[in-house]
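**Q** What follows is a single structure, and I will ask about it in a moment.
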Amino acid sequence: MDLIRIICAIILPPLGVFLQVGLGGAFWLNILLTLLGYIPGIIHAVWIIARR
């Protein structure tokens, strides 16, 4: 299941975080990071998925 989340995180970073933690603070932070730059959003999403 983590592989699917990581693939989702690369394609659409907020989706990968949403699948992992739901509508929490990490999700909103990831949306902000993705809007500021696509790469920071991907890094944050993969970090959230790998951490748990």
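Here, A, B, ... name the chains of the structure tokens in the order displayed, residue numbers run from 1 inside each chain, and ligands are numbered from 1 in the same displayed order.
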Would you kindly return, as a ChimeraX atom specification, each protein, DNA or RNA residue with an atom no farther than 10 Å from any atom of Leu19 of chain A, considering only C-alpha atoms and excluding same-chain residues fewer than 5 positions away?

**A** /A:2,4-5,8-9,14,27,49

**Q** So that I can check the surroundings of Thr34 of chain A, please list as an NGL selection string every protein, DNA and RNA residue that reaches within 9 Å of it, counting only C-alpha atoms and ignoring chain neighbours fewer than 6 positions away.

**A** :A and (12-14 or 40-42)

**Q** Out of A:Ile11, A:Ala50, A:Gly16, A:Leu3, which residue has the shortest atom-to-atom distance to Asn30 of chain A when counting only C-alpha atoms?

**A**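 Under the stated criterion, the closest residue is A:Gly16.
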
**Q** What separation in Å, quoted to one decimal, exists between atom CA of Val17 of chain A and atom CA of Ala45 of chain A?

**A**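 Here the two named atoms are 5.5 Å from each other.
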